[in-house]
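Here is the file model-v6.txt (compact mmCIF, C-alpha atoms).
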```
# COMPACT_ATOMS: atom_id res chain seq x y z
CA MET A 1118 166.22 150.70 108.58
CA ASP A 1119 166.01 153.28 105.82
CA PRO A 1120 169.15 152.23 103.87
CA VAL A 1121 168.05 148.58 103.96
CA LEU A 1122 164.62 149.47 102.55
CA ARG A 1123 166.21 151.66 99.89
CA ALA A 1124 168.59 148.89 98.84
CA LEU A 1125 165.85 146.25 98.83
CA SER A 1126 163.42 148.33 96.81
CA MET A 1127 166.07 149.26 94.23
CA TYR A 1128 167.29 145.66 94.01
CA PHE A 1129 163.84 144.29 93.27
CA PHE A 1130 162.89 147.18 91.01
CA LEU A 1131 166.02 146.76 88.88
CA PHE A 1132 165.59 143.00 88.95
CA PHE A 1133 162.04 143.20 87.56
CA VAL A 1134 162.91 145.80 84.95
CA PHE A 1135 165.89 143.90 83.59
CA ARG A 1136 164.14 140.56 83.83
CA LEU A 1137 161.15 141.84 81.89
CA VAL A 1138 163.07 143.67 79.23
CA GLY A 1139 164.58 140.41 78.07
CA ARG A 1140 167.91 138.76 78.07
CA ARG A 1141 171.17 139.88 76.67
CA THR A 1142 174.57 138.93 77.96
CA ILE A 1143 177.18 141.33 79.15
CA SER A 1144 179.48 139.99 76.43
CA GLU A 1145 176.98 141.04 73.79
CA VAL A 1146 176.23 144.57 74.95
CA THR A 1147 176.74 147.25 72.38
CA THR A 1148 178.62 150.45 73.19
CA PHE A 1149 175.31 152.22 73.61
CA ASP A 1150 173.96 149.53 75.96
CA PHE A 1151 177.06 150.09 78.03
CA VAL A 1152 176.50 153.85 78.17
CA LEU A 1153 172.87 153.20 79.12
CA LEU A 1154 174.01 150.96 81.97
CA LEU A 1155 176.30 153.69 83.26
CA VAL A 1156 173.49 156.24 83.21
CA ILE A 1157 171.13 153.84 84.98
CA GLY A 1158 173.83 153.30 87.60
CA GLU A 1159 174.12 157.04 88.07
CA ALA A 1160 170.35 157.43 88.49
CA THR A 1161 170.23 154.53 90.94
CA GLN A 1162 173.04 155.89 93.08
CA GLN A 1163 171.00 158.85 94.31
CA ALA A 1164 168.05 156.69 95.25
CA LEU A 1165 170.31 154.19 97.01
CA LEU A 1166 172.24 156.66 99.12
CA GLY A 1167 169.81 159.55 99.46
CA SER A 1168 171.40 162.54 101.14
CA ASP A 1169 173.38 160.35 103.53
CA TYR A 1170 176.97 160.18 102.33
CA SER A 1171 178.33 158.37 105.38
CA ILE A 1172 180.51 155.28 105.04
CA THR A 1173 178.08 153.45 107.31
CA ASN A 1174 175.22 154.07 104.90
CA ALA A 1175 177.30 152.80 101.95
CA LEU A 1176 178.28 149.72 103.97
CA ILE A 1177 174.67 148.94 104.89
CA VAL A 1178 173.54 149.36 101.29
CA ILE A 1179 176.32 147.15 99.89
CA VAL A 1180 175.84 144.43 102.49
CA THR A 1181 172.07 144.45 101.88
CA LEU A 1182 172.46 144.20 98.09
CA ILE A 1183 174.99 141.39 98.27
CA GLY A 1184 172.99 139.71 101.03
CA VAL A 1185 169.77 139.58 98.97
CA ASP A 1186 171.69 138.34 95.96
CA LEU A 1187 173.35 135.62 98.02
CA GLY A 1188 170.07 134.72 99.73
CA LEU A 1189 168.24 134.38 96.41
CA SER A 1190 171.03 132.27 94.91
CA ILE A 1191 170.88 129.88 97.86
CA TRP A 1192 167.07 129.73 97.68
CA LYS A 1193 167.29 129.08 93.92
CA GLN A 1194 169.44 126.05 94.62
CA TYR A 1195 166.59 124.42 96.52
CA SER A 1196 163.65 125.69 94.50
CA PRO A 1197 163.60 124.91 90.77
CA ARG A 1198 160.46 127.07 90.48
CA LEU A 1199 162.24 130.14 91.82
CA ASP A 1200 165.27 129.31 89.70
CA ARG A 1201 163.10 129.31 86.58
CA LEU A 1202 161.36 132.50 87.64
CA ILE A 1203 164.61 134.35 88.20
CA GLU A 1204 166.77 132.96 85.42
CA GLY A 1205 164.15 132.00 82.84
CA VAL A 1206 164.39 128.90 80.64
CA PRO A 1207 166.51 128.22 77.56
CA ILE A 1208 164.74 128.16 74.22
CA VAL A 1209 165.54 126.51 70.90
CA LEU A 1210 165.95 129.01 68.04
CA VAL A 1211 167.07 126.74 65.22
CA ASN A 1212 166.05 123.11 64.84
CA ASN A 1213 167.96 121.09 62.27
CA GLY A 1214 168.85 124.08 60.13
CA GLU A 1215 165.28 125.47 60.31
CA PRO A 1216 164.89 128.74 62.20
CA ILE A 1217 161.88 128.74 64.55
CA ARG A 1218 160.47 132.14 63.62
CA GLU A 1219 158.08 132.57 66.53
CA HIS A 1220 160.78 132.01 69.12
CA MET A 1221 163.21 134.32 67.33
CA ASN A 1222 160.67 137.12 66.96
CA LYS A 1223 159.49 136.93 70.55
CA GLU A 1224 163.06 137.02 71.83
CA ARG A 1225 164.08 139.66 69.29
CA VAL A 1226 166.92 137.53 67.94
CA SER A 1227 167.63 137.74 64.23
CA GLU A 1228 168.99 135.10 61.89
CA ASN A 1229 172.10 137.22 61.64
CA ASP A 1230 172.63 136.93 65.40
CA VAL A 1231 172.45 133.15 65.12
CA LEU A 1232 174.76 133.06 62.10
CA TYR A 1233 177.20 135.33 63.92
CA ALA A 1234 177.31 132.96 66.89
CA ALA A 1235 177.75 130.01 64.50
CA ARG A 1236 180.67 131.70 62.69
CA ARG A 1237 182.34 132.87 65.85
CA ASP A 1238 182.10 129.63 67.83
CA HIS A 1239 182.28 126.98 65.13
CA GLY A 1240 183.35 128.62 61.90
CA LEU A 1241 180.02 127.61 60.30
CA GLU A 1242 179.03 129.35 57.08
CA ARG A 1243 175.35 128.56 56.57
CA MET A 1244 172.15 128.04 58.55
CA ASP A 1245 171.83 124.45 57.24
CA GLN A 1246 175.08 123.51 58.97
CA ILE A 1247 173.46 124.22 62.33
CA LYS A 1248 171.80 121.35 64.15
CA TYR A 1249 170.51 123.38 67.07
CA ALA A 1250 170.85 126.97 68.12
CA ILE A 1251 169.73 127.69 71.65
CA LEU A 1252 169.16 130.97 73.42
CA GLU A 1253 170.55 130.27 76.87
CA ARG A 1254 169.25 131.66 80.14
CA ASN A 1255 172.05 134.21 80.30
CA GLY A 1256 171.22 135.49 76.80
CA ALA A 1257 174.10 133.80 74.98
CA ILE A 1258 173.40 131.85 71.79
CA SER A 1259 174.83 128.33 71.79
CA VAL A 1260 175.26 126.63 68.44
CA ILE A 1261 175.52 122.89 67.94
CA PRO A 1262 176.83 122.06 64.45
CA LYS A 1263 175.54 119.13 62.41
CA GLU A 1264 177.93 116.21 62.29
CA HIS A 1265 179.60 115.63 58.96
CA MET B 313 164.32 115.34 76.73
CA ASP B 314 162.02 116.82 74.14
CA GLU B 315 161.10 114.52 71.25
CA ARG B 316 161.12 117.44 68.83
CA TYR B 317 164.79 117.97 69.48
CA PRO B 318 166.38 114.50 69.54
CA GLY B 319 169.68 114.22 71.32
CA LEU B 320 169.34 117.54 73.09
CA GLU B 321 169.56 116.97 76.83
CA MET B 322 168.18 120.19 78.13
CA GLU B 323 165.39 121.29 80.41
CA LEU B 324 162.96 123.10 78.14
CA ASP B 325 159.66 124.51 79.32
CA GLU B 326 157.74 126.14 76.52
CA ARG B 327 154.64 126.71 78.63
CA PHE B 328 156.66 128.73 81.09
CA GLN B 329 158.34 130.56 78.22
CA ARG B 330 154.99 131.51 76.72
CA ARG B 331 153.74 132.77 80.06
CA GLU B 332 156.94 134.76 80.43
CA TRP B 333 156.41 136.39 77.02
CA ARG B 334 152.87 137.35 78.00
CA VAL B 335 154.04 138.86 81.29
CA GLU B 336 156.82 140.63 79.40
CA ARG B 337 154.34 142.26 77.02
CA VAL B 338 152.12 143.39 79.91
CA ALA B 339 155.17 144.82 81.68
CA TRP B 340 156.08 146.82 78.57
CA GLY B 341 152.58 148.28 78.63
CA VAL B 342 153.03 149.17 82.30
CA MET B 343 156.35 150.86 81.50
CA GLY B 344 154.67 152.86 78.73
CA ALA B 345 151.89 153.85 81.13
CA ILE B 346 154.48 154.98 83.69
CA ILE B 347 156.15 157.22 81.10
CA ILE B 348 152.85 158.72 79.96
CA GLY B 349 151.73 159.16 83.57
CA ALA B 350 155.01 160.86 84.47
CA VAL B 351 154.64 163.30 81.58
CA ALA B 352 151.05 164.04 82.64
CA GLY B 353 152.26 164.68 86.19
CA VAL B 354 150.98 161.68 88.12
CA PHE B 355 154.35 161.62 89.86
CA GLY B 356 154.42 165.37 90.40
CA GLY B 357 155.26 168.36 88.25
CA GLY B 358 152.70 168.23 85.43
CA PRO B 359 149.16 169.24 84.49
CA VAL B 360 147.54 166.45 86.55
CA SER B 361 149.55 167.48 89.59
CA ARG B 362 148.53 171.14 89.65
CA GLY B 363 146.06 171.70 92.47
CA ARG B 364 144.00 174.73 93.41
CA ALA B 365 141.99 175.23 96.57
CA GLY B 366 139.83 178.08 97.81
CA ASP B 367 138.28 180.76 95.60
CA VAL B 368 138.01 184.50 95.20
CA GLU B 369 134.81 184.71 97.29
CA ALA B 370 136.46 182.91 100.18
CA GLY B 371 139.30 185.38 99.89
CA VAL B 372 142.15 182.89 99.63
CA ILE B 373 143.45 180.83 96.76
CA VAL B 374 146.13 178.22 97.29
CA GLU B 375 147.99 176.71 94.35
CA PHE B 376 149.81 173.56 95.32
CA ASP B 377 151.18 170.29 93.98
CA ARG B 378 148.79 167.38 94.41
CA PHE B 379 151.64 164.96 93.86
CA ALA B 380 155.17 165.52 95.05
CA ARG B 381 158.28 163.42 95.53
CA ARG B 382 160.25 163.12 98.73
CA GLU B 383 163.04 165.71 98.92
CA ALA B 384 162.09 167.20 95.54
CA PRO B 385 161.34 170.94 95.78
CA ILE B 386 157.76 172.12 95.37
CA THR B 387 156.21 175.57 95.34
CA LEU B 388 153.11 176.63 97.23
CA ARG B 389 151.46 179.85 96.09
CA LEU B 390 148.96 181.71 98.23
CA VAL B 391 146.86 184.63 97.06
CA VAL B 392 144.99 186.58 99.74
CA GLN B 393 142.32 188.88 98.29
CA PRO B 394 142.13 192.52 99.45
CA SER B 395 138.66 191.78 100.89
CA LEU B 396 140.39 189.85 103.67
CA ILE B 397 143.05 192.47 104.35
CA ASP B 398 141.79 195.16 106.72
CA ARG B 399 145.07 196.38 108.20
CA ASP B 400 148.73 196.39 107.24
CA ARG B 401 149.37 192.93 108.65
CA VAL B 402 148.08 189.52 107.57
CA GLN B 403 148.51 186.42 109.64
CA ILE B 404 148.73 183.11 107.78
CA SER B 405 148.88 179.88 109.71
CA PHE B 406 149.59 176.31 108.71
CA ASN B 407 148.61 173.16 110.57
CA ARG B 408 151.16 171.11 112.48
CA ASP B 409 151.01 168.00 110.24
CA PHE B 410 151.81 170.00 107.12
CA MET B 411 154.70 171.84 108.75
CA ASP B 412 156.11 168.60 110.18
CA GLN B 413 156.07 166.96 106.74
CA HIS B 414 157.79 169.80 104.90
CA ARG B 415 161.02 171.69 105.26
CA VAL B 416 160.56 175.35 104.42
CA GLN B 417 163.39 176.52 102.15
CA ALA B 418 162.20 180.04 101.47
CA ILE B 419 159.18 182.29 101.84
CA THR B 420 158.65 185.28 99.56
CA PRO B 421 157.96 187.95 100.74
CA THR B 422 159.86 187.37 103.97
CA PRO B 423 157.43 187.26 106.90
CA VAL B 424 157.68 190.04 109.44
CA ALA B 425 157.39 187.52 112.24
CA SER B 426 156.74 183.85 112.73
CA GLY B 427 155.87 181.72 115.68
CA ALA B 428 154.51 178.42 116.90
CA THR B 429 150.86 178.06 117.79
CA ASP B 430 148.95 175.26 119.52
CA ASP B 431 148.23 173.53 116.27
CA GLY B 432 150.95 174.66 113.89
CA VAL B 433 153.01 177.59 112.73
CA GLU B 434 151.91 181.13 111.92
CA TYR B 435 153.55 183.78 109.79
CA LEU B 436 152.88 187.49 109.87
CA PHE B 437 153.20 189.36 106.58
CA ALA B 438 153.19 193.05 105.78
CA ALA B 439 150.22 193.76 103.50
CA ASP B 440 148.43 196.50 101.64
CA PRO B 441 144.58 196.53 101.86
CA GLN B 442 144.47 197.84 98.28
CA ARG B 443 146.24 194.90 96.73
CA PRO B 444 146.17 191.15 96.99
CA LEU B 445 148.95 189.58 99.00
CA ILE B 446 150.82 186.90 97.09
CA VAL B 447 153.02 184.57 99.11
CA THR B 448 155.28 181.94 97.56
CA MET B 449 156.75 179.16 99.65
CA ASN B 450 159.49 176.81 98.50
CA LEU B 451 159.14 173.52 100.30
CA HIS B 452 160.81 170.14 100.46
CA PRO B 453 158.55 167.24 101.46
CA ILE B 454 160.37 165.19 104.09
CA HIS B 455 158.17 162.11 104.38
CA ALA B 456 156.24 160.01 101.90
CA GLY B 457 152.50 159.62 102.28
CA THR B 458 149.31 161.65 102.21
CA HIS B 459 149.45 164.97 104.02
CA GLN B 460 146.50 167.14 105.01
CA ALA B 461 147.05 170.85 104.97
CA THR B 462 145.00 173.62 106.50
CA VAL B 463 145.92 177.19 105.70
CA SER B 464 144.08 179.90 107.57
CA VAL B 465 144.23 183.63 107.08
CA ASP B 466 143.62 185.87 110.11
CA GLU B 467 141.20 183.19 111.36
CA LYS B 468 138.73 184.62 108.85
CA ALA B 469 139.16 182.14 106.07
CA SER B 470 140.74 178.76 105.81
CA VAL B 471 141.51 176.39 103.00
CA LEU B 472 141.93 172.64 103.20
CA PHE B 473 143.81 170.52 100.73
CA SER B 474 145.79 167.31 100.65
CA THR B 475 148.95 166.28 98.87
CA PHE B 476 150.52 162.94 98.19
CA VAL B 477 154.27 162.51 98.46
CA TYR B 478 155.98 159.61 96.67
CA PRO B 479 158.98 157.98 98.33
```
Output the file's structure as structure tokens, nothing else.
Amino acid sequence: MDPVLRALSMYFFLFFVFRLVGRRTISEVTTFDFVLLLVIGEATQQALLGSDYSITNALIVIVTLIGVDLGLSIWKQYSPRLDRLIEGVPIVLVNNGEPIREHMNKERVSENDVLYAARRDHGLERMDQIKYAILERNGAISVIPKEH
Amino acid sequence: MDERYPGLEMELDERFQRREWRVERVAWGVMGAIIIGAVAGVFGGGPVSRGRAGDVEAGVIVEFDRFARREAPITLRLVVQPSLIDRDRVQISFNRDFMDQHRVQAITPTPVASGATDDGVEYLFAADPQRPLIVTMNLHPIHAGTHQATVSVDEKASVLFSTFVYP
């Protein structure tokens, strides 16, 4: 019972922490974010395994973690409310070339981030070439260019 | 579709988003409070956590950790005043609950003898009636929860205190 409780409590703790810190995709992590993730993993490992280094304990912990994840993903499929709660909702950052300041500030996204996504994905040069920029649920910025 | 963003077929929910931002800000506050609390010792090992029971008149002083974490080492310090020491041996006993909840790593000075009693464990220490006896115990809490401790010295004085162990 103990390994299952450990795995469950760490799963939900990490879930809440990362959910509440805000979104950022794995493709957009900086080198330091990556180092931070490694350190968090290291700190979590002790709490997950305790002083029990048996293979059985590791198996129970892994199966529990993957099980909860799978369970939640199935539940999400049937409950749009839970889906929204877990994944959040997308938000418009730029409307017709006009940045929506409030949304950008609250999500800690800068105009540079939006322009970077516009350059990278569409080769756009200026804000006024963007029709919509959207911060997706996974933290990626999607840019829809204006039609010429 | 949202009329503010024509042509954009996407499920937007600004009310939910606003609620999420509010919850986010509260959670940041909670995280800050956790950090400040941890520095103060709410989770063990800080000024708030330092506990003291008994007094010089009673003859025994126990310094303990009010808050501890499971499997994290703690130190219990006992000072027995000379007024309680009338021979070259002092018997200190601990209640069963406390001994069941902690694993004793080390006791300094080493007790001359130890044994089980009806309601716990007792240790016999060599002592000098001229000087206070200071005993240090290194312990590891085994279980989370609130633990009541009773420490008695030669059945002449006893001190009660409680500790809380985080999982």
May I ask which of the residues A:Lys1223, A:Arg1140, A:Arg1218, A:Lys1193 is the closest one to chain B, counting all atoms listed in the file?
A:Lys1223
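Every chain A residue lying within 8 Å of chain B, based on all atoms listed in the file, is listed here: Leu1137, Val1138, Gly1139, Gly1205, Val1206, Pro1207, Ile1208, Asn1212 and Lys1223 of chain A.
Omitting His455 of chain B and its sequence neighbours fewer than 4 positions away, and counting only C-alpha atoms, the residues within 9 Å are Arg381, Arg382, Glu383, Asp412, Gln413, His414, Val477, Tyr478 and Pro479 of chain B.
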Distance query Ile1203 of chain A at most 10 Å, all atoms listed in the file, self and fewer than 5 positions along chain excluded, as an mmCIF file with C-alpha atoms, in the frame of the given file:
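Wrote it out as selection_16.cif, contents follow:
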```cif
data_model
loop_
_atom_site.group_PDB
_atom_site.id
_atom_site.type_symbol
_atom_site.label_atom_id
_atom_site.label_comp_id
_atom_site.auth_asym_id
_atom_site.auth_seq_id
_atom_site.Cartn_x
_atom_site.Cartn_y
_atom_site.Cartn_z
ATOM 1 C CA PHE A 1132 165.590 143.000 88.950
ATOM 2 C CA PHE A 1133 162.040 143.200 87.560
ATOM 3 C CA ARG A 1136 164.140 140.560 83.830
ATOM 4 C CA LEU A 1189 168.240 134.380 96.410
ATOM 5 C CA SER A 1190 171.030 132.270 94.910
ATOM 6 C CA LYS A 1193 167.290 129.080 93.920
ATOM 7 C CA PRO A 1197 163.600 124.910 90.770
ATOM 8 C CA ARG A 1198 160.460 127.070 90.480
ATOM 9 C CA ARG A 1254 169.250 131.660 80.140
#
```
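Pairwise distance (atom CA of Leu1182 of chain A, atom CA of Met1127 of chain A) equals 9.0 Å.
With only C-alpha atoms as the atoms that count, the minimum distance from Val402 of chain B to the choices B:Ala425, B:Ile373, B:Val433, B:Ala418 is reached by B:Ala425.
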Let me have the centre and edge lengths in Å, one decimal, of the box along x, y and z around every listed atom of segment 333-346 of chain B with 4 Å of margin on each side, as JSON.
```
{"center_x": 154.4, "center_y": 145.7, "center_z": 80.4, "size_x": 12.9, "size_y": 26.6, "size_z": 14.7}
```
Could you state the separation of atom CA of Asn1174 of chain A and atom CA of Gly1188 of chain A in Å, given to one decimal place?
20.7 Å
Tell me which protein, DNA and RNA residues are within 9 Å of Val416 of chain B, counting all atoms listed in the file, leaving out same-chain ones fewer than 2 positions away, and put them as a PyMOL selection string.
chain B and resi 411+414+418-419+449-453
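Counting only C-alpha atoms and comparing B:Ser395, B:Thr462, B:Ser470, B:Thr429, the residue that lies closest to Asp409 of chain B is B:Thr462.
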One decimal, in Å: what's the spacing between atom CA of Val1134 of chain A and atom CA of Asp1169 of chain A?
25.8 Å
Name the residues within 8 Å of (145.4, 179.1, 113.5), counting only C-alpha atoms in the file's coordinates, and put them as a VMD selection string.
chain B and resid 404 to 407 429 to 434 464 to 467
List the neighbours of segment 355-369 of chain B out to 7 Å using only C-alpha atoms; skip same-chain residues closer than 2 positions along the sequence, and give me the result as a PDB file with C-alpha atoms, in the frame of the given file.
```
ATOM      1  CA  ALA B 350     155.010 160.860  84.470  1.00  0.00           C
ATOM      2  CA  VAL B 351     154.640 163.300  81.580  1.00  0.00           C
ATOM      3  CA  ALA B 352     151.050 164.040  82.640  1.00  0.00           C
ATOM      4  CA  GLY B 353     152.260 164.680  86.190  1.00  0.00           C
ATOM      5  CA  GLY B 371     139.300 185.380  99.890  1.00  0.00           C
ATOM      6  CA  VAL B 372     142.150 182.890  99.630  1.00  0.00           C
ATOM      7  CA  ILE B 373     143.450 180.830  96.760  1.00  0.00           C
ATOM      8  CA  VAL B 374     146.130 178.220  97.290  1.00  0.00           C
ATOM      9  CA  GLU B 375     147.990 176.710  94.350  1.00  0.00           C
ATOM     10  CA  PHE B 376     149.810 173.560  95.320  1.00  0.00           C
ATOM     11  CA  ASP B 377     151.180 170.290  93.980  1.00  0.00           C
ATOM     12  CA  ARG B 378     148.790 167.380  94.410  1.00  0.00           C
ATOM     13  CA  PHE B 379     151.640 164.960  93.860  1.00  0.00           C
ATOM     14  CA  ALA B 380     155.170 165.520  95.050  1.00  0.00           C
ATOM     15  CA  ARG B 381     158.280 163.420  95.530  1.00  0.00           C
ATOM     16  CA  GLN B 393     142.320 188.880  98.290  1.00  0.00           C
ATOM     17  CA  VAL B 471     141.510 176.390 103.000  1.00  0.00           C
ATOM     18  CA  PHE B 473     143.810 170.520 100.730  1.00  0.00           C
TER      19      PHE B 473
END
```
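Nearest-residue note for Arg331 of chain B: choosing from A:Glu1242, A:Val1146, A:Ile1261, A:Leu1202, the minimum distance belongs to A:Leu1202, counting all atoms listed in the file.
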When you get a chance, write out N, CA and C atoms for segment 346-361 of chain B, as a PDB file, in the frame of the given file.
```pdb
ATOM      1  N   ILE B 346     153.710 154.199  82.713  1.00  0.00           N
ATOM      2  CA  ILE B 346     154.480 154.980  83.690  1.00  0.00           C
ATOM      3  C   ILE B 346     155.041 156.236  83.025  1.00  0.00           C
ATOM      4  N   ILE B 347     155.564 156.066  81.797  1.00  0.00           N
ATOM      5  CA  ILE B 347     156.150 157.220  81.100  1.00  0.00           C
ATOM      6  C   ILE B 347     155.072 158.260  80.807  1.00  0.00           C
ATOM      7  N   ILE B 348     153.928 157.783  80.281  1.00  0.00           N
ATOM      8  CA  ILE B 348     152.850 158.720  79.960  1.00  0.00           C
ATOM      9  C   ILE B 348     152.348 159.411  81.231  1.00  0.00           C
ATOM     10  N   GLY B 349     152.177 158.609  82.289  1.00  0.00           N
ATOM     11  CA  GLY B 349     151.730 159.160  83.570  1.00  0.00           C
ATOM     12  C   GLY B 349     152.703 160.203  84.099  1.00  0.00           C
ATOM     13  N   ALA B 350     154.004 159.917  83.966  1.00  0.00           N
ATOM     14  CA  ALA B 350     155.010 160.860  84.470  1.00  0.00           C
ATOM     15  C   ALA B 350     154.955 162.172  83.705  1.00  0.00           C
ATOM     16  N   VAL B 351     154.737 162.076  82.377  1.00  0.00           N
ATOM     17  CA  VAL B 351     154.640 163.300  81.580  1.00  0.00           C
ATOM     18  C   VAL B 351     153.398 164.094  81.994  1.00  0.00           C
ATOM     19  N   ALA B 352     152.294 163.367  82.255  1.00  0.00           N
ATOM     20  CA  ALA B 352     151.050 164.040  82.640  1.00  0.00           C
ATOM     21  C   ALA B 352     151.161 164.658  84.036  1.00  0.00           C
ATOM     22  N   GLY B 353     152.068 164.117  84.855  1.00  0.00           N
ATOM     23  CA  GLY B 353     152.260 164.680  86.190  1.00  0.00           C
ATOM     24  C   GLY B 353     151.726 163.841  87.323  1.00  0.00           C
ATOM     25  N   VAL B 354     151.457 162.568  87.056  1.00  0.00           N
ATOM     26  CA  VAL B 354     150.980 161.680  88.120  1.00  0.00           C
ATOM     27  C   VAL B 354     152.020 161.543  89.223  1.00  0.00           C
ATOM     28  N   PHE B 355     153.295 161.712  88.848  1.00  0.00           N
ATOM     29  CA  PHE B 355     154.350 161.620  89.860  1.00  0.00           C
ATOM     30  C   PHE B 355     154.858 163.007  90.257  1.00  0.00           C
ATOM     31  N   GLY B 356     154.054 164.008  90.020  1.00  0.00           N
ATOM     32  CA  GLY B 356     154.420 165.370  90.400  1.00  0.00           C
ATOM     33  C   GLY B 356     154.937 166.155  89.208  1.00  0.00           C
ATOM     34  N   GLY B 357     154.701 167.471  89.261  1.00  0.00           N
ATOM     35  CA  GLY B 357     155.260 168.360  88.250  1.00  0.00           C
ATOM     36  C   GLY B 357     154.670 168.211  86.867  1.00  0.00           C
ATOM     37  N   GLY B 358     153.348 168.287  86.727  1.00  0.00           N
ATOM     38  CA  GLY B 358     152.700 168.230  85.430  1.00  0.00           C
ATOM     39  C   GLY B 358     151.276 168.693  85.557  1.00  0.00           C
ATOM     40  N   PRO B 359     150.543 168.726  84.446  1.00  0.00           N
ATOM     41  CA  PRO B 359     149.160 169.240  84.490  1.00  0.00           C
ATOM     42  C   PRO B 359     148.271 168.527  85.518  1.00  0.00           C
ATOM     43  N   VAL B 360     148.398 167.199  85.623  1.00  0.00           N
ATOM     44  CA  VAL B 360     147.540 166.450  86.550  1.00  0.00           C
ATOM     45  C   VAL B 360     147.855 166.833  88.001  1.00  0.00           C
ATOM     46  N   SER B 361     149.095 167.236  88.225  1.00  0.00           N
ATOM     47  CA  SER B 361     149.550 167.480  89.590  1.00  0.00           C
ATOM     48  C   SER B 361     149.145 168.847  90.124  1.00  0.00           C
TER      49      SER B 361
END
```
